[in-house]
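Data file: model_39.txt. Format and content: compact mmCIF, C-alpha atoms.
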# COMPACT_ATOMS: atom_id res chain seq x y z
CA MET A 13 36.00 -16.80 -38.71
CA LYS A 14 35.53 -20.25 -40.28
CA LYS A 15 32.18 -20.74 -42.00
CA ILE A 16 30.20 -23.97 -41.85
CA PHE A 17 27.35 -24.98 -44.14
CA LEU A 18 25.25 -27.49 -42.21
CA ILE A 19 22.80 -29.53 -44.27
CA GLY A 20 20.11 -30.99 -42.04
CA GLY A 21 20.82 -28.67 -39.13
CA GLY A 22 17.18 -28.73 -38.01
CA GLY A 23 17.24 -32.44 -37.22
CA TYR A 24 17.96 -34.40 -34.04
CA VAL A 25 21.75 -34.15 -34.09
CA GLY A 26 21.76 -30.81 -35.93
CA SER A 27 19.67 -29.10 -33.24
CA ALA A 28 22.31 -30.05 -30.66
CA LEU A 29 25.29 -29.37 -32.94
CA VAL A 30 24.38 -25.82 -34.07
CA PRO A 31 24.63 -24.16 -30.60
CA LYS A 32 28.00 -25.86 -29.97
CA LEU A 33 29.37 -24.71 -33.34
CA LEU A 34 28.29 -21.15 -32.55
CA ASP A 35 29.82 -21.36 -29.07
CA SER A 36 33.06 -22.53 -30.70
CA GLY A 37 33.22 -19.36 -32.80
CA TYR A 38 32.08 -20.68 -36.17
CA GLN A 39 29.73 -18.87 -38.51
CA VAL A 40 26.95 -21.30 -39.37
CA ARG A 41 24.39 -21.52 -42.14
CA VAL A 42 21.72 -24.20 -41.71
CA TYR A 43 20.03 -25.58 -44.83
CA ASP A 44 16.98 -27.68 -43.98
CA LEU A 45 13.32 -28.24 -44.82
CA PHE A 46 12.47 -28.09 -41.09
CA ILE A 47 9.72 -30.68 -41.44
CA TYR A 48 9.82 -31.28 -37.67
CA GLY A 49 9.38 -27.59 -36.87
CA ASP A 50 11.46 -24.46 -37.29
CA ASP A 51 11.57 -23.53 -33.59
CA VAL A 52 14.52 -25.80 -32.71
CA LEU A 53 17.26 -23.21 -33.36
CA GLU A 54 17.62 -19.97 -31.42
CA GLU A 55 18.59 -16.74 -33.15
CA HIS A 56 22.27 -15.85 -33.11
CA PRO A 57 24.28 -13.16 -34.94
CA ASN A 58 26.49 -15.83 -36.54
CA LEU A 59 23.60 -18.09 -37.60
CA SER A 60 21.71 -17.86 -40.89
CA ILE A 61 18.94 -20.21 -41.93
CA ILE A 62 17.77 -21.27 -45.37
CA LYS A 63 14.60 -23.32 -45.64
CA GLY A 64 15.36 -25.47 -48.64
CA ASP A 65 15.12 -28.94 -50.15
CA ILE A 66 18.43 -30.76 -50.62
CA ARG A 67 17.24 -31.71 -54.11
CA ASN A 68 17.02 -28.03 -55.11
CA LEU A 69 20.55 -27.86 -56.51
CA VAL A 70 20.21 -24.28 -57.76
CA LEU A 71 19.31 -22.99 -54.29
CA LEU A 72 22.02 -25.16 -52.74
CA GLU A 73 24.70 -23.79 -55.04
CA GLU A 74 23.66 -20.20 -54.32
CA SER A 75 23.53 -20.88 -50.58
CA LEU A 76 26.92 -22.50 -50.03
CA LYS A 77 29.13 -19.96 -51.77
CA ASP A 78 32.06 -18.70 -49.66
CA PHE A 79 31.84 -21.44 -47.02
CA ASP A 80 34.81 -23.42 -45.69
CA TYR A 81 33.23 -26.65 -44.50
CA ILE A 82 30.13 -28.74 -45.16
CA ILE A 83 28.62 -31.09 -42.60
CA HIS A 84 26.01 -33.24 -44.32
CA LEU A 85 23.44 -34.69 -41.89
CA ALA A 86 20.31 -34.60 -44.05
CA CYS A 87 18.53 -37.79 -45.08
CA ILE A 88 15.32 -39.76 -44.75
CA SER A 89 16.62 -41.51 -41.67
CA ASN A 90 15.94 -45.02 -40.40
CA ASP A 91 14.64 -47.97 -42.38
CA PRO A 92 10.88 -47.71 -41.68
CA SER A 93 10.74 -44.05 -42.77
CA PHE A 94 12.70 -44.89 -45.88
CA GLU A 95 10.52 -47.90 -46.76
CA LEU A 96 7.38 -45.78 -46.46
CA ASN A 97 8.32 -44.08 -49.73
CA PRO A 98 11.40 -45.70 -51.33
CA GLU A 99 11.37 -43.35 -54.35
CA LEU A 100 11.43 -40.31 -52.08
CA GLY A 101 14.14 -41.91 -49.97
CA LYS A 102 16.30 -42.59 -53.03
CA SER A 103 15.82 -39.06 -54.39
CA ILE A 104 16.96 -37.50 -51.09
CA ASN A 105 19.48 -40.04 -49.81
CA LEU A 106 21.26 -40.90 -53.07
CA ASP A 107 20.22 -39.22 -56.33
CA CYS A 108 21.11 -35.67 -55.31
CA PHE A 109 24.31 -36.59 -53.47
CA GLU A 110 26.83 -36.67 -56.32
CA PRO A 111 25.55 -33.39 -57.83
CA LEU A 112 25.87 -31.83 -54.35
CA VAL A 113 29.46 -33.09 -53.96
CA LYS A 114 30.35 -31.68 -57.39
CA ILE A 115 28.84 -28.30 -56.45
CA ALA A 116 30.77 -28.32 -53.16
CA LYS A 117 34.06 -29.07 -54.90
CA LYS A 118 33.45 -26.42 -57.56
CA SER A 119 32.58 -23.92 -54.80
CA MET A 120 36.01 -24.46 -53.18
CA ILE A 121 34.68 -26.10 -50.01
CA LYS A 122 37.75 -27.18 -48.04
CA ARG A 123 36.33 -30.14 -46.06
CA PHE A 124 33.16 -32.19 -46.59
CA ILE A 125 32.03 -34.26 -43.58
CA TYR A 126 29.37 -36.87 -44.31
CA ALA A 127 27.15 -38.65 -41.78
CA SER A 128 26.86 -42.25 -42.92
CA SER A 129 25.63 -45.00 -40.56
CA SER A 130 26.93 -48.01 -38.66
CA SER A 131 24.14 -49.97 -40.39
CA VAL A 132 26.37 -50.18 -43.48
CA TYR A 133 28.08 -53.25 -41.95
CA GLY A 134 24.97 -55.41 -41.90
CA ILE A 135 25.14 -58.42 -39.54
CA LYS A 136 28.69 -59.30 -38.55
CA LYS A 137 30.11 -62.37 -36.82
CA GLU A 138 33.25 -60.47 -35.87
CA LYS A 139 33.32 -59.49 -32.19
CA ASN A 140 34.57 -56.01 -33.07
CA VAL A 141 33.25 -54.21 -36.14
CA VAL A 142 36.05 -51.99 -37.45
CA GLU A 143 36.06 -49.56 -40.37
CA ASP A 144 37.83 -51.75 -42.94
CA LEU A 145 35.47 -54.73 -42.70
CA LEU A 146 33.45 -55.66 -45.77
CA LEU A 147 30.25 -53.61 -45.99
CA GLU A 148 27.14 -55.80 -46.31
CA PRO A 149 24.16 -53.44 -45.99
CA LEU A 150 20.79 -55.15 -45.63
CA THR A 151 18.35 -52.37 -46.57
CA ASP A 152 18.09 -49.70 -49.26
CA TYR A 153 18.67 -47.06 -46.58
CA SER A 154 22.06 -48.52 -45.66
CA LYS A 155 22.91 -49.51 -49.26
CA PHE A 156 22.53 -45.88 -50.33
CA LYS A 157 24.75 -44.79 -47.43
CA VAL A 158 27.43 -47.10 -48.85
CA GLU A 159 26.94 -45.66 -52.35
CA CYS A 160 27.30 -42.11 -51.01
CA GLU A 161 30.50 -43.07 -49.22
CA LYS A 162 31.93 -44.37 -52.52
CA ILE A 163 30.86 -41.22 -54.37
CA LEU A 164 32.46 -38.94 -51.79
CA ASN A 165 35.72 -40.90 -51.73
CA LYS A 166 35.92 -40.57 -55.51
CA PHE A 167 36.20 -36.77 -55.19
CA THR A 168 38.77 -36.68 -52.37
CA SER A 169 41.84 -34.57 -53.09
CA ASP A 170 44.33 -32.31 -51.32
CA ASN A 171 42.10 -29.27 -51.85
CA PHE A 172 38.80 -31.09 -51.25
CA GLU A 173 39.09 -33.03 -48.02
CA THR A 174 36.46 -35.66 -47.22
CA VAL A 175 35.64 -37.39 -43.95
CA ILE A 176 33.00 -40.08 -43.40
CA ILE A 177 31.48 -40.66 -39.96
CA ARG A 178 29.55 -43.87 -39.24
CA PRO A 179 27.52 -43.05 -36.12
CA ALA A 180 26.05 -45.64 -33.81
CA THR A 181 22.46 -45.05 -32.68
CA VAL A 182 22.28 -41.62 -31.07
CA CYS A 183 20.48 -41.21 -27.75
CA GLY A 184 19.62 -38.46 -25.28
CA TYR A 185 17.81 -35.12 -25.23
CA ALA A 186 17.86 -32.45 -27.95
CA LYS A 187 15.71 -29.49 -28.98
CA ARG A 188 14.46 -31.54 -31.97
CA GLN A 189 13.78 -34.71 -30.08
CA ARG A 190 13.58 -38.19 -31.58
CA LEU A 191 11.75 -40.83 -29.58
CA ASP A 192 11.96 -43.60 -32.17
CA VAL A 193 15.48 -44.89 -31.38
CA VAL A 194 16.07 -47.65 -28.86
CA VAL A 195 17.27 -45.87 -25.69
CA ASN A 196 14.84 -42.99 -26.19
CA ILE A 197 11.92 -45.34 -26.97
CA LEU A 198 12.43 -47.36 -23.80
CA THR A 199 12.89 -44.26 -21.63
CA ASN A 200 9.73 -42.63 -23.02
CA LEU A 201 7.65 -45.77 -22.41
CA ALA A 202 9.11 -46.30 -18.94
CA PHE A 203 8.51 -42.72 -17.79
CA ASN A 204 5.01 -42.39 -19.22
CA ASN A 205 3.60 -45.95 -19.16
CA ARG A 206 5.74 -47.44 -16.37
CA LYS A 207 6.35 -50.50 -18.51
CA ILE A 208 8.75 -51.54 -21.27
CA LYS A 209 8.39 -54.15 -23.97
CA VAL A 210 11.67 -55.80 -25.00
CA PHE A 211 11.71 -57.85 -28.19
CA GLY A 212 14.45 -60.45 -27.90
CA GLY A 213 16.90 -58.72 -25.62
CA GLU A 214 20.19 -60.47 -26.33
CA GLN A 215 20.96 -58.36 -29.43
CA LEU A 216 23.90 -55.99 -29.03
CA ARG A 217 23.21 -52.40 -30.03
CA PRO A 218 25.88 -49.70 -30.36
CA ASN A 219 24.84 -46.30 -28.98
CA ILE A 220 26.34 -42.84 -28.58
CA HIS A 221 25.16 -39.95 -26.41
CA ILE A 222 24.06 -36.99 -28.52
CA GLN A 223 26.57 -34.64 -26.87
CA ASP A 224 29.39 -37.04 -27.76
CA MET A 225 28.05 -37.19 -31.32
CA VAL A 226 28.24 -33.40 -31.45
CA SER A 227 31.80 -33.53 -30.11
CA VAL A 228 32.81 -35.94 -32.89
CA TYR A 229 31.89 -33.33 -35.53
CA LEU A 230 33.66 -30.56 -33.60
CA GLU A 231 36.84 -32.65 -33.30
CA VAL A 232 36.79 -33.69 -36.97
CA LEU A 233 36.40 -30.03 -37.98
CA LYS A 234 39.51 -29.10 -35.99
CA ALA A 235 41.62 -32.14 -36.93
CA ASP A 236 44.72 -31.87 -39.09
CA GLU A 237 43.99 -32.71 -42.72
CA LYS A 238 46.82 -35.27 -42.76
CA LEU A 239 44.97 -37.25 -40.10
CA VAL A 240 41.42 -37.17 -41.45
CA ASN A 241 41.38 -36.49 -45.20
CA GLY A 242 39.87 -39.49 -47.00
CA GLU A 243 39.26 -41.31 -43.72
CA THR A 244 36.23 -43.12 -42.31
CA PHE A 245 35.50 -43.28 -38.59
CA ASN A 246 33.04 -45.25 -36.51
CA ALA A 247 31.46 -43.14 -33.78
CA GLY A 248 29.97 -45.23 -31.02
CA TYR A 249 30.54 -45.97 -27.39
CA ASP A 250 28.28 -48.25 -25.39
CA ASN A 251 27.64 -51.62 -27.02
CA PHE A 252 24.88 -52.97 -24.80
CA LYS A 253 22.36 -55.78 -25.09
CA VAL A 254 18.83 -54.46 -25.53
CA MET A 255 17.89 -56.09 -22.20
CA ASP A 256 20.78 -54.30 -20.47
CA ILE A 257 19.50 -50.99 -21.87
CA ALA A 258 16.05 -51.79 -20.47
CA ILE A 259 17.56 -52.57 -17.06
CA SER A 260 19.49 -49.26 -17.13
CA VAL A 261 16.24 -47.44 -17.92
CA LYS A 262 14.54 -49.14 -14.96
CA GLU A 263 17.45 -48.20 -12.65
CA VAL A 264 17.14 -44.51 -13.64
CA ILE A 265 13.37 -44.11 -14.03
CA GLY A 266 12.17 -46.24 -11.10
CA ASP A 267 11.94 -49.71 -9.57
CA ASP A 268 8.23 -49.87 -10.38
CA ILE A 269 8.98 -50.21 -14.11
CA ASN A 270 7.73 -53.52 -15.49
CA ILE A 271 9.90 -55.12 -18.22
CA GLU A 272 8.02 -57.52 -20.53
CA VAL A 273 10.02 -59.75 -22.90
CA PHE A 274 8.71 -60.97 -26.26
CA PRO A 275 10.30 -63.12 -28.99
CA THR A 276 11.57 -61.42 -32.15
CA ASN A 277 12.73 -62.24 -35.66
CA ASP A 278 15.06 -59.23 -35.59
CA ASN A 279 18.29 -60.72 -34.31
CA ARG A 280 20.64 -58.06 -35.71
CA SER A 281 23.49 -57.84 -33.26
CA TYR A 282 26.83 -56.11 -33.64
CA HIS A 283 29.60 -54.50 -31.59
CA VAL A 284 31.01 -51.38 -33.22
CA SER A 285 34.59 -50.46 -32.38
CA SER A 286 35.49 -46.78 -32.06
CA GLU A 287 39.20 -47.36 -31.42
CA LYS A 288 40.26 -45.74 -34.69
CA ILE A 289 38.81 -42.30 -33.93
CA LYS A 290 40.39 -42.49 -30.47
CA ASN A 291 43.80 -43.40 -31.88
CA VAL A 292 43.77 -40.96 -34.82
CA ILE A 293 42.30 -37.76 -33.37
CA ASN A 294 42.23 -38.65 -29.68
CA PHE A 295 38.44 -38.54 -29.40
CA GLU A 296 36.94 -40.28 -26.39
CA PRO A 297 33.28 -40.06 -25.37
CA LYS A 298 32.37 -38.53 -22.03
CA PHE A 299 28.76 -39.63 -21.60
CA THR A 300 27.01 -42.97 -21.09
CA ILE A 301 23.63 -44.44 -21.96
CA LYS A 302 22.61 -43.78 -18.35
CA ASP A 303 23.46 -40.09 -18.83
CA ALA A 304 21.15 -40.04 -21.87
CA ILE A 305 18.35 -41.66 -19.84
CA LYS A 306 18.84 -39.15 -17.00
CA ASP A 307 18.74 -36.22 -19.46
CA LEU A 308 15.49 -37.50 -20.95
CA LYS A 309 14.01 -38.06 -17.47
CA ILE A 310 14.74 -34.42 -16.59
CA ALA A 311 13.19 -33.27 -19.89
CA PHE A 312 10.03 -35.28 -19.17
CA GLU A 313 9.84 -33.94 -15.61
CA LYS A 314 10.17 -30.35 -16.87
CA ASN A 315 7.51 -30.99 -19.53
CA LYS A 316 9.93 -30.21 -22.36
CA LEU A 317 8.50 -33.16 -24.33
CA PRO A 318 4.70 -32.80 -24.10
CA ASN A 319 2.46 -35.52 -25.54
CA SER A 320 5.58 -37.64 -26.09
CA LEU A 321 3.74 -40.89 -26.77
CA LYS A 322 1.61 -39.53 -29.62
CA ASP A 323 2.94 -36.28 -31.13
CA SER A 324 4.25 -37.10 -34.61
CA LYS A 325 7.11 -34.61 -34.35
CA TYR A 326 9.03 -37.09 -32.19
CA PHE A 327 8.62 -40.00 -34.60
CA ASN A 328 10.11 -39.83 -38.09
CA ILE A 329 7.78 -42.36 -39.70
CA LYS A 330 4.62 -40.75 -38.25
CA LYS A 331 5.71 -37.34 -39.52
CA MET A 332 6.55 -38.76 -42.96
CA GLN A 333 3.10 -40.38 -43.17
CA GLU A 334 1.48 -37.07 -42.23
CA LEU A 335 3.43 -34.90 -44.65
CA LYS A 336 3.21 -37.09 -47.75
CA LEU A 337 6.41 -35.38 -48.90
CA LYS A 338 7.20 -35.85 -52.59
Whole structure, structure tokens version:
Amino acid sequence: MKKIFLIGGGGYVGSALVPKLLDSGYQVRVYDLFIYGDDVLEEHPNLSIIKGDIRNLVLLEESLKDFDYIIHLACISNDPSFELNPELGKSINLDCFEPLVKIAKKSMIKRFIYASSSSVYGIKKEKNVVEDLLLEPLTDYSKFKVECEKILNKFTSDNFETVIIRPATVCGYAKRQRLDVVVNILTNLAFNNRKIKVFGGEQLRPNIHIQDMVSVYLEVLKADEKLVNGETFNAGYDNFKVMDIAISVKEVIGDDINIEVFPTNDNRSYHVSSEKIKNVINFEPKFTIKDAIKDLKIAFEKNKLPNSLKDSKYFNIKKMQELKLK
């Protein structure tokens, strides 16, 4: 049985990925601080959990012995959360990364899969943003993602395989729900307030359904080393204008939804291409933005997301402000 060490398995994507890994027959160990709650993962005979800080390198080294693969999802995610405490963000998102990679290589980990971000490209004029374009990150969050990519590539070898994934914005329902990303924000506001505010609207935003994001990791785990070792893959699907996302939300949630449009200074707009991952490992997404909206609508109707406008557990920056993590 292949053993996977999943750093950040208590987060948004991790909470959806863990059950699928277990269903696929992997043994999984989740390493996470569980700052958004430790009730997002159900007990399973092939699941072990370690509540730990990624900066605790001694605990990390003890915890990842005898594992085959690492999937690294942990970070202070999104720019506002990062900017709240840049020193904390740097310590978690960059400073401990190279020591971790060295520990993983020394511990004979076979494949290290790293979750980067499509924000590493910055603003692009190209109609299709592909993996080999110049990286022009605009924020410290995305700059540190670029630095981590460089660090990981430096350690790539035949017996230490590395794969970098650059996800688009993830959307849809998960046990550890985020409601601070564009599709989820608009769906939450539409369902609960019956109105949506759109700032700008013409900006293109790449998105990927959370179940497709999970499938990306599963496919990369299974892929032949000759195809993926040392490679970087975009993982997106729908590249929609923000206004088109709002219209999709209205179509799913109800015709009574009022869409208000406001001007914005944030004109970031880019179209991420996911042709490479399709061509190399034959991965194609199965779900749309509308599927994500429908899943969230069902979750709201079943009261799986109580107090969704105010509870800090759904909003990274609110939780970070509350915790005052150091």
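Closest to Ile62 in chain A among A:Gln189, A:Ile19, A:Asp268, A:Val25 is A:Ile19, based on only C-alpha atoms.
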Counting all atoms listed in the file, the residue of A:Asn68, A:Asn140, A:Ser60, A:Thr199 that sits nearest Ile259 in chain A: A:Thr199
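The nearest approach to Asn204 in chain A among the residues A:Ile61, A:Val30, A:Leu308, A:Cys183, with all atoms listed in the file taken into account, belongs to A:Leu308.
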Separation of CA of Leu112 in chain A from CA of Leu72 in chain A, in Å and rounded to one decimal: 7.9 Å
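In terms of minimum interatomic distance to Gly49 in chain A, A:Arg188 ranks closest within A:Thr151, A:Leu201, A:Arg188, A:Ile125, counting all atoms listed in the file.
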Interatomic distance (Å, one decimal) between CA of Ile104 in chain A and CA of Met225 in chain A: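 Value for the CA of Ile104 in chain A-CA of Met225 in chain A distance: 22.7 Å.
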Non-local contacts of Leu216 in chain A (6 Å; all atoms listed in the file; under 3 positions in same chain excluded) as number ranges by chain: A: 252-253, 281-282
Deliver the residues from the most recent selection as a file, using C-alpha atoms, as a short mmCIF file (atom, residue, chain, number, x, y, z; two decimals), in the coordinates of the input.
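Now in result_17.cif:
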data_model
loop_
_atom_site.label_atom_id
_atom_site.label_comp_id
_atom_site.auth_asym_id
_atom_site.auth_seq_id
_atom_site.Cartn_x
_atom_site.Cartn_y
_atom_site.Cartn_z
CA PHE A 252 24.88 -52.97 -24.80
CA LYS A 253 22.36 -55.78 -25.09
CA SER A 281 23.49 -57.84 -33.26
CA TYR A 282 26.83 -56.11 -33.64
#
Interatomic distance, CA of Ile163 in chain A to CA of Lys117 in chain A (Å, one decimal):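 Result for CA of Ile163 in chain A versus CA of Lys117 in chain A: 12.6 Å, one decimal.
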Nearest-residue call for Val195 in chain A, choices A:Arg217, A:Lys136, A:Lys14, A:Lys338, using only C-alpha atoms: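 Closest to Val195 in chain A, using only C-alpha atoms: A:Arg217.
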Residue nearest Ile208 in chain A among A:Gly248, A:Pro149, A:Gly101, A:Gly266 (counting all atoms listed in the file): A:Gly266
